[in-house]
file upload-v2.txt (compact mmCIF, C-alpha atoms)
# COMPACT_ATOMS: atom_id res chain seq x y z
CA ASP Q 8 6.95 -10.16 6.40
CA ALA Q 9 4.43 -11.86 8.68
CA GLY Q 10 2.53 -9.65 11.02
CA VAL Q 11 1.31 -10.59 14.48
CA THR Q 12 -0.44 -13.95 14.51
CA GLN Q 13 -2.72 -15.37 17.16
CA SER Q 14 -4.26 -18.76 17.76
CA PRO Q 15 -6.86 -20.00 18.02
CA THR Q 16 -9.26 -17.64 16.27
CA HIS Q 17 -12.24 -18.65 18.34
CA LEU Q 18 -12.61 -20.64 21.52
CA ILE Q 19 -15.56 -21.79 23.59
CA LYS Q 20 -15.04 -22.84 27.20
CA THR Q 21 -17.20 -23.41 30.25
CA ARG Q 22 -16.96 -21.72 33.62
CA GLY Q 23 -14.14 -22.99 35.77
CA GLN Q 24 -12.04 -24.25 32.89
CA GLN Q 25 -8.59 -23.01 31.95
CA VAL Q 26 -7.54 -21.58 28.59
CA THR Q 27 -4.26 -20.81 26.82
CA LEU Q 28 -4.02 -18.30 24.00
CA ARG Q 29 -0.96 -17.95 21.79
CA CYS Q 30 0.73 -15.08 20.01
CA SER Q 31 3.66 -14.77 17.62
CA PRO Q 32 5.03 -11.23 17.30
CA LYS Q 33 5.88 -9.40 14.13
CA SER Q 34 9.32 -10.25 12.82
CA GLY Q 35 11.98 -8.23 14.62
CA HIS Q 36 9.80 -7.35 17.59
CA ASP Q 37 10.79 -8.43 21.08
CA THR Q 38 7.96 -7.11 23.26
CA VAL Q 39 4.48 -8.56 23.52
CA SER Q 40 1.45 -6.98 25.18
CA TRP Q 41 -1.94 -8.53 25.81
CA TYR Q 42 -5.26 -6.70 25.87
CA GLN Q 43 -8.80 -7.75 26.69
CA GLN Q 44 -11.62 -6.16 24.70
CA ALA Q 45 -15.12 -6.74 25.99
CA LEU Q 46 -18.01 -6.22 23.60
CA GLY Q 47 -18.56 -2.55 22.89
CA GLN Q 48 -15.54 -1.45 24.90
CA GLY Q 49 -12.01 -0.36 24.20
CA PRO Q 50 -9.12 -2.77 24.77
CA GLN Q 51 -7.89 -3.02 28.35
CA PHE Q 52 -4.22 -3.70 29.05
CA ILE Q 53 -3.55 -7.02 30.78
CA PHE Q 54 0.26 -7.24 30.83
CA GLN Q 55 3.42 -6.87 28.80
CA TYR Q 56 6.35 -9.23 28.37
CA TYR Q 57 9.92 -8.41 27.50
CA GLU Q 58 12.98 -10.62 27.83
CA GLU Q 59 10.73 -13.42 29.05
CA GLU Q 60 9.59 -11.42 32.05
CA GLU Q 61 6.39 -9.57 32.88
CA ARG Q 62 7.34 -5.91 32.68
CA GLN Q 63 4.02 -4.22 33.32
CA ARG Q 64 0.62 -5.37 34.49
CA GLY Q 65 -2.84 -3.87 34.36
CA ASN Q 66 -5.70 -4.33 36.81
CA PHE Q 67 -6.34 -8.00 36.20
CA PRO Q 68 -6.47 -10.77 38.82
CA ASP Q 69 -3.82 -13.43 39.23
CA ARG Q 70 -6.03 -15.83 37.27
CA PHE Q 71 -4.48 -14.13 34.26
CA SER Q 72 -0.90 -15.19 33.72
CA GLY Q 73 1.48 -15.24 30.84
CA HIS Q 74 4.73 -16.40 29.47
CA GLN Q 75 7.20 -15.31 26.85
CA PHE Q 76 9.50 -17.75 25.10
CA PRO Q 77 13.06 -17.21 23.85
CA ASN Q 78 11.73 -16.71 20.32
CA TYR Q 79 9.60 -13.82 21.69
CA SER Q 80 6.29 -15.62 21.19
CA SER Q 81 3.91 -15.46 24.10
CA GLU Q 82 1.05 -17.23 25.82
CA LEU Q 83 -1.82 -15.89 27.87
CA ASN Q 84 -3.31 -18.27 30.41
CA VAL Q 85 -6.59 -17.72 32.20
CA ASN Q 86 -7.59 -20.04 35.05
CA ALA Q 87 -10.98 -20.62 36.64
CA LEU Q 88 -12.83 -18.95 33.79
CA LEU Q 89 -15.77 -16.69 34.58
CA LEU Q 90 -18.59 -15.62 32.31
CA GLY Q 91 -17.10 -12.12 32.41
CA ASP Q 92 -13.91 -13.35 30.79
CA SER Q 93 -15.77 -13.62 27.49
CA ALA Q 94 -14.03 -11.12 25.23
CA LEU Q 95 -11.72 -10.57 22.29
CA TYR Q 96 -8.13 -11.04 23.42
CA LEU Q 97 -5.66 -9.01 21.43
CA CYS Q 98 -1.94 -9.45 21.27
CA ALA Q 99 0.31 -6.59 20.24
CA SER Q 100 4.00 -6.62 19.50
CA SER Q 101 6.53 -3.82 19.49
CA LEU Q 102 10.23 -3.14 19.57
CA SER Q 103 11.77 -2.29 22.91
CA GLY Q 104 13.83 0.82 23.49
CA THR Q 105 11.17 3.42 23.98
CA ASN Q 106 7.72 3.35 25.48
CA TYR Q 107 6.02 4.93 22.52
CA ASN Q 108 6.85 2.49 19.79
CA GLU Q 109 3.92 1.63 17.61
CA GLN Q 110 2.23 -1.53 18.74
CA PHE Q 111 1.14 -3.87 15.96
CA PHE Q 112 -1.96 -5.87 16.78
CA GLY Q 113 -2.96 -9.36 15.81
CA PRO Q 114 -6.47 -10.38 14.70
CA GLY Q 115 -7.37 -11.52 18.20
CA THR Q 116 -8.83 -14.62 19.79
CA ARG Q 117 -12.52 -14.49 20.60
CA LEU Q 118 -13.17 -16.36 23.82
CA THR Q 119 -16.68 -17.32 24.82
CA VAL Q 120 -17.28 -18.66 28.31
CA LEU Q 121 -20.56 -20.51 28.82
CA ALA X 22 -3.81 8.12 36.06
CA GLN X 23 -4.47 8.30 32.37
CA LYS X 24 -7.85 8.50 30.76
CA VAL X 25 -9.19 8.82 27.21
CA THR X 26 -12.74 9.91 26.51
CA GLN X 27 -14.53 9.44 23.22
CA ALA X 28 -17.94 10.91 23.83
CA GLN X 29 -19.38 9.94 20.45
CA THR X 30 -20.56 6.36 20.65
CA GLU X 31 -21.81 6.11 17.09
CA ILE X 32 -21.84 8.39 14.05
CA SER X 33 -23.70 7.81 10.80
CA VAL X 34 -22.89 9.80 7.66
CA VAL X 35 -23.61 9.58 3.99
CA GLU X 36 -20.71 8.90 1.68
CA LYS X 37 -18.68 11.98 0.71
CA GLU X 38 -19.59 13.82 3.90
CA ASP X 39 -16.81 15.01 6.18
CA VAL X 40 -16.81 13.63 9.71
CA THR X 41 -14.85 14.48 12.85
CA LEU X 42 -14.23 12.03 15.66
CA ASP X 43 -13.52 13.61 19.03
CA CYS X 44 -10.96 12.52 21.58
CA VAL X 45 -10.20 14.09 24.95
CA TYR X 46 -7.38 12.80 27.12
CA GLU X 47 -6.17 13.19 30.69
CA THR X 48 -2.66 12.71 31.99
CA ARG X 49 -0.38 14.35 34.53
CA ASP X 50 2.73 13.53 32.55
CA THR X 51 4.35 16.16 30.37
CA THR X 52 5.62 13.55 27.95
CA TYR X 53 2.98 11.44 26.31
CA TYR X 54 1.93 10.00 22.97
CA LEU X 55 -1.47 9.90 21.37
CA PHE X 56 -2.66 7.35 18.86
CA TRP X 57 -5.59 6.60 16.63
CA TYR X 58 -6.46 3.03 15.66
CA LYS X 59 -9.10 1.71 13.29
CA GLN X 60 -10.89 -1.55 14.02
CA PRO X 61 -12.81 -2.98 11.05
CA PRO X 62 -15.32 -5.82 11.54
CA SER X 63 -12.48 -8.33 11.25
CA GLY X 64 -11.33 -7.18 14.69
CA GLU X 65 -7.69 -6.35 14.02
CA LEU X 66 -6.61 -2.93 15.23
CA VAL X 67 -4.95 -0.91 12.49
CA PHE X 68 -2.54 1.86 13.45
CA LEU X 69 -3.36 5.23 11.88
CA ILE X 70 -1.20 7.84 13.58
CA ARG X 71 1.05 8.61 16.56
CA ARG X 72 1.63 12.08 17.95
CA ASN X 73 3.93 13.18 20.78
CA SER X 74 3.10 15.85 23.32
CA PHE X 75 5.74 18.24 22.03
CA ASP X 76 4.44 18.40 18.49
CA GLU X 77 1.16 20.24 18.09
CA GLN X 78 1.34 20.50 14.34
CA ASN X 79 -1.70 19.25 12.57
CA GLU X 80 -1.18 16.37 10.24
CA ILE X 81 -2.82 15.40 7.00
CA SER X 82 -2.58 12.05 5.30
CA GLY X 83 -4.75 11.78 2.25
CA ARG X 84 -8.36 12.08 3.37
CA TYR X 85 -7.35 11.85 7.04
CA SER X 86 -6.32 14.77 9.20
CA TRP X 87 -5.64 15.19 12.90
CA ASN X 88 -5.96 18.25 15.11
CA PHE X 89 -3.94 18.15 18.35
CA GLN X 90 -4.65 20.91 20.87
CA LYS X 91 -2.89 20.70 24.23
CA SER X 92 -4.87 23.67 25.55
CA THR X 93 -8.06 21.60 25.40
CA SER X 94 -6.40 18.15 25.79
CA SER X 95 -7.95 17.07 22.53
CA PHE X 96 -6.75 15.03 19.58
CA ASN X 97 -9.53 15.01 17.02
CA PHE X 98 -9.61 13.02 13.80
CA THR X 99 -11.32 14.18 10.62
CA ILE X 100 -12.13 12.09 7.58
CA THR X 101 -12.78 14.18 4.48
CA ALA X 102 -15.11 12.87 1.79
CA SER X 103 -15.93 9.71 3.73
CA GLN X 104 -16.24 6.39 1.95
CA VAL X 105 -18.08 3.19 2.80
CA VAL X 106 -14.71 1.52 3.45
CA ASP X 107 -14.19 3.95 6.32
CA SER X 108 -16.93 2.20 8.27
CA ALA X 109 -15.30 0.83 11.40
CA VAL X 110 -14.77 1.50 15.08
CA TYR X 111 -12.11 4.11 15.73
CA PHE X 112 -10.13 4.23 18.95
CA CYS X 113 -8.09 7.01 20.42
CA ALA X 114 -5.32 5.88 22.78
CA LEU X 115 -2.66 7.32 25.07
CA VAL X 116 0.78 6.29 26.31
CA SER X 117 2.21 8.53 29.00
CA GLY X 118 5.18 8.79 31.31
CA THR X 119 7.36 5.70 31.58
CA ALA X 120 4.52 3.31 30.98
CA SER X 121 4.32 1.60 27.63
CA LYS X 122 0.76 0.36 27.86
CA LEU X 123 -1.90 1.88 25.66
CA THR X 124 -4.91 3.39 27.41
CA PHE X 125 -7.83 3.31 25.02
CA GLY X 126 -11.06 5.22 24.83
CA THR X 127 -14.33 3.38 24.38
CA GLY X 128 -14.30 3.94 20.64
CA THR X 129 -16.56 5.62 18.10
CA ARG X 130 -18.43 3.46 15.62
CA LEU X 131 -18.55 5.17 12.22
CA GLN X 132 -21.14 4.02 9.73
CA VAL X 133 -20.82 5.41 6.19
CA THR X 134 -23.72 4.67 3.88
CA LEU X 135 -24.30 5.26 0.19
call {"tool": "encode", "arguments": {"input": "upload-v2.txt", "output": "structure tokens"}}
result
Amino acid sequence: DAGVTQSPTHLIKTRGQQVTLRCSPKSGHDTVSWYQQALGQGPQFIFQYYEEEERQRGNFPDRFSGHQFPNYSSELNVNALLLGDSALYLCASSLSGTNYNEQFFGPGTRLTVL
Amino acid sequence: AQKVTQAQTEISVVEKEDVTLDCVYETRDTTYYLFWYKQPPSGELVFLIRRNSFDEQNEISGRYSWNFQKSTSSFNFTITASQVVDSAVYFCALVSGTASKLTFGTGTRLQVTL
């Protein structure tokens, strides 16, 4: 049973560029959440997708957008990259139905913006 | 608004010592869930435990135990007879009300040495 997978593992971009990160949820899960973890900090919630729609959003600018596909996989897009966007981006999947279901996390994508 | 505070930034212990990681939370909701996650150097968050606001029973799982006290809004985590493999960053997190996002603390880095 494959867990949550994310690609790529590492990514280096320059300011102003755009980036797309990908996530495949754990088998059987239909909800995907994205988190940003800056160095030395706890993960911060970006948004959550369910049924191909954004269900919840944290305090992140519109430069951060996402998408969920019919197979429940998801993408996180960040436009006009800033140095401050450098972080570990974590994807978590869960099963809908309640708001307290355990979220399974992927290994993350480490984004460096130069 | 929800908030999780982990006042201990870093703890160092010698193997076989017991160690307690503190977590204090804030929420106005009467229904909420508390979590502990472990983040080893690989970066992937590993789920350890989930507790709901209506169950204040302490829980023990092997060398791990959790003490939930609503009176002090605390959900502390104790590792008995620590081992080098316990070295990691530990996060306390909260889900409350109708939201399904996890609100994390800033984490406690635990270093266990021989």
call {"tool": "residues_around", "arguments": {"input": "upload-v2.txt", "residues": "Gln63 of chain Q", "least_positions_apart": "2", "cutoff": "12 Å", "atoms": "only C-alpha atoms", "output": "list of chain:residue names"}}
result
Q:Thr38, Q:Val39, Q:Ser40, Q:Trp41, Q:Phe52, Q:Ile53, Q:Phe54, Q:Gln55, Q:Tyr56, Q:Tyr57, Q:Glu60, Q:Glu61, Q:Gly65, Q:Asn66, Q:Phe67, Q:Gly73, Q:Asn106, X:Thr119, X:Ala120, X:Ser121, X:Lys122, X:Leu123
call {"tool": "interface_residues", "arguments": {"input": "upload-v2.txt", "of": "chain Q", "to": "chain X", "cutoff": "8 Å", "atoms": "only C-alpha atoms", "output": "list in words"}}
result
Ser40, Gly47, Gln48, Gly49, Pro50, Gln51, Phe52, Gln55, Gln63, Thr105, Asn106, Tyr107, Glu109, Gln110, Phe111, Phe112, Gly113, Pro114 and Gly115 of chain Q
call {"tool": "atom_distance", "arguments": {"input": "upload-v2.txt", "atom1": "atom CA of Gln23 of chain X", "atom2": "atom CA of Tyr46 of chain X"}}
result
7.5 Å
call {"tool": "residues_around", "arguments": {"input": "upload-v2.txt", "residues": "Arg84 of chain X", "least_positions_apart": "4", "cutoff": "9 Å", "atoms": "all atoms listed in the file", "output": "NGL selection string"}}
result
:X and (99-103)
call {"tool": "write_last_selection", "arguments": {"input": "upload-v2.txt", "atoms": "C-alpha atoms", "output": "mmCIF file, in the coordinates of the input"}}
result
data_model
loop_
_atom_site.group_PDB
_atom_site.id
_atom_site.type_symbol
_atom_site.label_atom_id
_atom_site.label_comp_id
_atom_site.auth_asym_id
_atom_site.auth_seq_id
_atom_site.Cartn_x
_atom_site.Cartn_y
_atom_site.Cartn_z
ATOM 1 C CA THR X 99 -11.320 14.180 10.620
ATOM 2 C CA ILE X 100 -12.130 12.090 7.580
ATOM 3 C CA THR X 101 -12.780 14.180 4.480
ATOM 4 C CA ALA X 102 -15.110 12.870 1.790
ATOM 5 C CA SER X 103 -15.930 9.710 3.730
#
call {"tool": "atom_distance", "arguments": {"input": "upload-v2.txt", "atom1": "atom CA of Leu88 of chain Q", "atom2": "atom CA of Cys30 of chain Q"}}
result
19.7 Å
call {"tool": "residues_near_point", "arguments": {"input": "upload-v2.txt", "point": "(-3.6, -14.8, 23.4)", "cutoff": "10 Å", "atoms": "all atoms listed in the file", "output": "number ranges by chain"}}
result
Q: 12-16, 26-31, 40-43, 73, 81-85, 95-99, 113, 115-118
call {"tool": "residues_near_point", "arguments": {"input": "upload-v2.txt", "point": "(-27.9, 7.5, 6.7)", "cutoff": "9 Å", "atoms": "only C-alpha atoms", "output": "ChimeraX atom specification"}}
result
/X:33-36,132-135
call {"tool": "closest_residue", "arguments": {"input": "upload-v2.txt", "among": "X:Thr26, X:Asn97, X:Ser86, X:Asn79", "to": "Glu47 of chain X", "atoms": "only C-alpha atoms"}}
result
X:Thr26
call {"tool": "atom_distance", "arguments": {"input": "upload-v2.txt", "atom1": "atom CA of Ser92 of chain X", "atom2": "atom CA of Gln29 of chain X"}}
result
20.6 Å
